[in-house]
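**Student:** Supplied structure: work30.txt, compact mmCIF, C-alpha atoms and all ligand atoms.
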# COMPACT_ATOMS: atom_id res chain seq x y z
CA MET E 8 -24.27 -25.32 -10.10
CA GLN E 9 -27.06 -27.88 -10.75
CA PRO E 10 -28.34 -29.62 -7.62
CA ASP E 11 -27.33 -33.27 -7.46
CA LEU E 12 -30.46 -35.46 -7.50
CA THR E 13 -28.69 -38.76 -6.86
CA PHE E 14 -30.25 -39.01 -3.42
CA PRO E 15 -33.85 -37.89 -3.46
CA LEU E 16 -35.55 -37.79 -0.09
CA ALA E 17 -37.36 -41.18 -0.10
CA ARG E 18 -34.24 -43.04 -1.15
CA SER E 19 -32.21 -41.24 1.49
CA ALA E 20 -34.65 -42.27 4.23
CA ALA E 21 -34.45 -45.90 3.12
CA MET E 22 -30.65 -45.77 3.08
CA ILE E 23 -30.45 -44.40 6.57
CA GLU E 24 -32.55 -47.32 7.83
CA GLU E 25 -30.61 -49.98 5.91
CA ASP E 26 -27.07 -48.80 6.47
CA PRO E 27 -26.64 -45.56 8.43
CA LYS E 28 -22.86 -45.50 8.02
CA ALA E 29 -22.93 -45.90 4.22
CA ALA E 30 -25.70 -43.32 4.02
CA LYS E 31 -23.67 -40.81 5.99
CA GLU E 32 -20.69 -41.31 3.70
CA ALA E 33 -22.85 -41.01 0.59
CA PHE E 34 -24.47 -37.79 1.83
CA ALA E 35 -21.07 -36.33 2.63
CA ALA E 36 -19.84 -37.17 -0.88
CA VAL E 37 -22.87 -35.49 -2.45
CA ALA E 38 -22.49 -32.44 -0.23
CA LYS E 39 -18.83 -32.20 -1.25
CA ALA E 40 -19.67 -32.57 -4.96
CA ASN E 41 -22.18 -29.74 -4.71
CA ALA E 42 -20.11 -27.42 -2.57
CA GLU E 43 -18.70 -24.29 -4.13
CA PRO E 44 -14.91 -24.16 -4.18
CA CYS E 45 -13.24 -21.50 -2.08
CA PRO E 46 -12.84 -18.42 -4.33
CA SER E 47 -9.38 -17.88 -2.88
CA CYS E 48 -7.63 -21.25 -2.89
CA GLY E 49 -10.04 -23.19 -5.13
CA LYS E 50 -10.35 -26.08 -2.68
CA VAL E 51 -13.78 -27.43 -1.82
CA ILE E 52 -13.47 -26.56 1.80
CA ARG E 53 -15.18 -24.26 4.28
CA HIS E 54 -12.44 -22.46 6.16
CA ARG E 55 -13.34 -22.23 9.81
CA LYS E 56 -11.37 -19.01 10.10
CA GLY E 57 -13.17 -17.53 7.10
CA LEU E 58 -12.45 -16.43 3.56
CA ASP E 59 -10.35 -13.44 4.62
CA TRP E 60 -8.07 -15.80 6.47
CA CYS E 61 -7.65 -17.90 3.31
CA ARG E 62 -6.91 -14.84 1.18
CA ASP E 63 -4.26 -13.68 3.64
CA ASP E 64 -2.80 -17.16 3.84
CA GLN E 65 -2.62 -17.48 0.03
CA MET E 66 -0.85 -14.17 -0.58
CA SER E 67 2.88 -14.50 -1.21
CA GLU E 68 5.45 -12.18 0.27
CA ARG E 69 6.22 -11.02 -3.26
CA THR E 70 2.60 -10.05 -3.99
CA LEU E 71 2.33 -8.25 -0.67
CA GLN E 72 5.52 -6.31 -1.40
CA ASP E 73 4.32 -5.34 -4.90
CA ARG E 74 1.04 -4.02 -3.48
CA ILE E 75 2.74 -2.05 -0.73
CA VAL E 76 5.21 -0.52 -3.21
CA ASP E 77 2.33 0.39 -5.52
CA ARG E 78 0.38 2.13 -2.76
CA ALA E 79 3.45 3.88 -1.43
CA LYS E 80 4.41 5.28 -4.84
CA ARG E 81 0.89 6.58 -5.42
CA ARG E 82 1.20 8.47 -2.14
CA GLY E 83 4.46 10.10 -3.16
CA TRP E 84 6.91 7.85 -1.35
CA THR E 85 10.21 6.98 -2.96
CA VAL E 86 10.78 3.30 -2.37
CA ALA E 87 14.16 1.59 -2.32
CA HIS E 88 14.11 -2.15 -2.19
CA ALA E 89 16.94 -4.54 -1.71
CA GLY E 90 16.49 -6.79 -4.73
CA LYS E 91 18.29 -10.02 -5.38
CA GLY E 92 20.92 -10.60 -8.02
CA TRP E 93 22.29 -13.83 -9.48
CA VAL E 94 26.02 -14.32 -9.22
CA GLY E 95 27.43 -17.35 -10.96
CA ASN E 96 27.58 -19.23 -14.21
CA HIS E 97 24.40 -18.79 -16.22
CA GLU E 98 25.20 -21.76 -18.50
CA THR E 99 25.84 -24.34 -15.82
CA GLY E 100 23.42 -22.77 -13.37
CA GLU E 101 26.02 -22.84 -10.61
CA GLY E 102 25.97 -19.88 -8.36
CA GLN E 103 23.69 -18.19 -5.90
CA PHE E 104 21.34 -15.30 -5.36
CA ILE E 105 22.92 -12.51 -3.41
CA THR E 106 21.51 -9.32 -2.00
CA PRO E 107 23.75 -6.29 -2.39
CA MET E 108 22.70 -5.09 1.07
CA MET E 109 23.84 -6.39 4.43
CA LYS E 110 22.26 -9.58 5.75
CA GLY E 111 18.92 -8.87 7.39
CA TRP E 112 18.35 -5.47 5.75
CA PRO E 113 14.58 -4.82 5.53
CA ASP E 114 12.79 -5.38 2.21
CA LEU E 115 11.70 -1.78 1.71
CA PHE E 116 13.08 1.59 2.68
CA LEU E 117 10.72 4.51 2.08
CA MET E 118 11.40 8.24 1.88
CA ASN E 119 9.04 11.18 1.53
CA PRO E 120 10.13 14.68 2.60
CA THR E 121 6.66 16.19 1.99
CA THR E 122 4.48 13.61 3.73
CA LYS E 123 2.12 14.70 6.49
CA ALA E 124 3.34 11.71 8.47
CA ALA E 125 5.54 12.43 11.48
CA TYR E 126 8.20 10.22 9.91
CA LYS E 127 9.80 11.04 6.58
CA VAL E 128 11.65 7.76 6.29
CA PHE E 129 10.78 4.29 7.48
CA PHE E 130 11.36 0.65 6.66
CA ILE E 131 9.08 -2.30 6.00
CA GLU E 132 9.84 -5.97 6.32
CA CYS E 133 7.31 -7.96 4.27
CA LYS E 134 6.25 -11.38 5.50
CA ASP E 135 3.66 -13.84 4.34
CA GLN E 136 0.84 -14.44 6.79
CA SER E 137 2.67 -17.02 8.89
CA GLY E 138 6.22 -15.78 8.30
CA GLN E 139 8.49 -14.45 11.04
CA PRO E 140 11.57 -12.25 10.64
CA ASP E 141 14.81 -14.19 11.06
CA GLU E 142 17.59 -13.41 13.52
CA ASP E 143 19.51 -11.12 11.15
CA GLN E 144 16.37 -9.19 10.25
CA VAL E 145 15.45 -8.68 13.89
CA ARG E 146 18.97 -7.46 14.67
CA VAL E 147 18.97 -4.89 11.84
CA MET E 148 15.43 -3.71 12.62
CA LYS E 149 16.33 -3.18 16.28
CA LEU E 150 19.40 -1.23 15.22
CA LEU E 151 17.40 1.00 12.85
CA ILE E 152 14.74 1.64 15.52
CA ALA E 153 17.46 2.46 18.06
CA CYS E 154 18.69 5.05 15.57
CA GLY E 155 15.26 6.68 15.49
CA ILE E 156 14.01 5.17 12.24
CA LYS E 157 10.51 3.77 12.42
CA GLY E 158 9.51 0.56 10.73
CA ALA E 159 7.14 -2.36 10.73
CA VAL E 160 6.85 -6.01 9.84
CA LEU E 161 3.78 -6.19 7.61
CA ARG E 162 1.69 -9.17 6.55
CA PRO E 163 -1.25 -9.66 4.13
CA SER E 164 -3.76 -9.10 6.97
CA ASP E 165 -2.20 -5.66 7.57
CA LEU E 166 -2.89 -4.79 3.94
CA ARG E 167 -6.50 -6.01 4.11
CA GLU E 168 -7.26 -4.42 7.48
CA GLY E 169 -5.95 -1.00 6.48
CA ARG E 170 -2.76 -0.83 8.54
CA VAL E 171 -0.59 -0.43 5.44
CA ASN E 172 -2.58 2.62 4.33
CA ALA E 173 -2.52 4.03 7.85
CA ILE E 174 1.27 3.78 8.00
CA LEU E 175 1.72 5.29 4.54
CA ASP E 176 -0.60 8.17 5.46
CA GLY E 177 0.99 8.69 8.86
CA ARG E 178 -2.26 8.02 10.71
ZN ZN E 201 -9.51 -21.12 0.54
What's the structure tokens form of this structure?

**Tutor:**
Amino acid sequence: MQPDLTFPLARSAAMIEEDPKAAKEAFAAVAKANAEPCPSCGKVIRHRKGLDWCRDDQMSERTLQDRIVDRAKRRGWTVAHAGKGWVGNHETGEGQFITPMMKGWPDLFLMNPTTKAAYKVFFIECKDQSGQPDEDQVRVMKLLIACGIKGAVLRPSDLREGRVNAILDGR
């Protein structure tokens, strides 16, 4: 990006003397105009928590799930996921999305009889970075865990920081 030369040094010094408040505002506007947008969200903003935080925050639950499924399949896991189906009148649009599984069933159920992992089946509940499992999901997860099935709630930061790979590899 070309540097903005609207406020060369001499002019800036004069402005600060004449009207410090207006000068401050003008400098801020120039700084903003010359700032690079965040490569993740596109906003001209410096995230205090960093770019990784923004990337995690931008990733949808759907994208996270797709990436986990992709990695799991490449490692030989068979992945069952409870999709959603539309039940209703397609012409009028009346109806609702239903899931064929029980309420609260985790997003993904993975099976791999030949994995080196100690577990051959486990479940994953995908959440966006700030999402929390709801009451039904917590109830079903607790039930599955009580039955000896391992599982995890995973978020975009888990993908970026390697926890998804670790779980899929049984590390
Ligand atoms: Zn951003």

**Student:** Please report the interatomic distance between CA of Val145 (chain E) and CA of Gly111 (chain E) in Å with one decimal.

**Tutor:** 7.4 Å

**Student:** Which residues are near ligand ZN 201 (chain E) in this structure, taking near to mean any atom at most 10 Å from a ligand atom and counting all atoms listed in the file? Format them as an mmCIF file with C-alpha atoms, in the coordinates of the input.

**Tutor:**
data_model
loop_
_atom_site.group_PDB
_atom_site.id
_atom_site.type_symbol
_atom_site.label_atom_id
_atom_site.label_comp_id
_atom_site.auth_asym_id
_atom_site.auth_seq_id
_atom_site.Cartn_x
_atom_site.Cartn_y
_atom_site.Cartn_z
ATOM 1 C CA PRO E 44 -14.910 -24.160 -4.180
ATOM 2 C CA CYS E 45 -13.240 -21.500 -2.080
ATOM 3 C CA PRO E 46 -12.840 -18.420 -4.330
ATOM 4 C CA SER E 47 -9.380 -17.880 -2.880
ATOM 5 C CA CYS E 48 -7.630 -21.250 -2.890
ATOM 6 C CA GLY E 49 -10.040 -23.190 -5.130
ATOM 7 C CA LYS E 50 -10.350 -26.080 -2.680
ATOM 8 C CA VAL E 51 -13.780 -27.430 -1.820
ATOM 9 C CA ILE E 52 -13.470 -26.560 1.800
ATOM 10 C CA ARG E 53 -15.180 -24.260 4.280
ATOM 11 C CA HIS E 54 -12.440 -22.460 6.160
ATOM 12 C CA LYS E 56 -11.370 -19.010 10.100
ATOM 13 C CA GLY E 57 -13.170 -17.530 7.100
ATOM 14 C CA LEU E 58 -12.450 -16.430 3.560
ATOM 15 C CA ASP E 59 -10.350 -13.440 4.620
ATOM 16 C CA TRP E 60 -8.070 -15.800 6.470
ATOM 17 C CA CYS E 61 -7.650 -17.900 3.310
ATOM 18 C CA ARG E 62 -6.910 -14.840 1.180
ATOM 19 C CA ASP E 63 -4.260 -13.680 3.640
ATOM 20 C CA ASP E 64 -2.800 -17.160 3.840
ATOM 21 C CA GLN E 65 -2.620 -17.480 0.030
#

**Student:** As an NGL selection string, please: the residues near region 156-168 of chain E (cut-off 7 Å, all atoms listed in the file, same-chain neighbours under 2 positions excluded).

**Tutor:** :E and (63 or 66 or 71 or 128-136 or 151-152 or 154 or 170-171)

**Student:** Choose the residue, out of E:Glu68, E:Asp114, E:Asp26, E:Asp77, that has the smallest atom-to-atom separation from Met148 (chain E); count all atoms listed in the file.

**Tutor:**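 The closest residue to Met148 (chain E) is E:Asp114.
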
**Student:** Kindly give the distance, in Å, that separates CA of Ile174 (chain E) and CA of Phe116 (chain E), rounded to a single decimal.

**Tutor:**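 So the two atoms, CA of Ile174 (chain E) and CA of Phe116 (chain E), lie 13.1 Å apart.
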
**Student:** Around all of region 57-63 of chain E's listed atoms, make the axis-aligned box with 8 Å on each side and tell me centre and edge lengths in Å to one decimal, as JSON.

**Tutor:**
{"center_x": -8.7, "center_y": -15.7, "center_z": 4.1, "size_x": 24.9, "size_y": 20.5, "size_z": 21.9}

**Student:** Of the candidates E:Gly102, E:Arg69, E:Gly90, E:Thr85, which shows the shortest atom-to-atom distance to Lys127 (chain E), using all atoms listed in the file?

**Tutor:** E:Thr85

**Student:** Please determine, counting all atoms listed in the file, which residue among E:Glu24, E:Leu117, E:Gln139, E:Ala89 has the shortest atom-to-atom distance to Ile75 (chain E).

**Tutor:**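 Counting all atoms listed in the file, the residue closest to Ile75 (chain E) is E:Leu117.
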
**Student:** My list of candidates is E:Trp112, E:Met118, E:Gln72, E:Ala173. Which is closest to Lys149 (chain E) when distances are computed with all atoms listed in the file?

**Tutor:**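 Nearest to Lys149 (chain E): E:Trp112.
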
**Student:** Do you have the CA of Thr122 (chain E)-CA of Val86 (chain E) distance handy?

**Tutor:**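 For CA of Thr122 (chain E) relative to CA of Val86 (chain E), the distance reads 13.5 Å.
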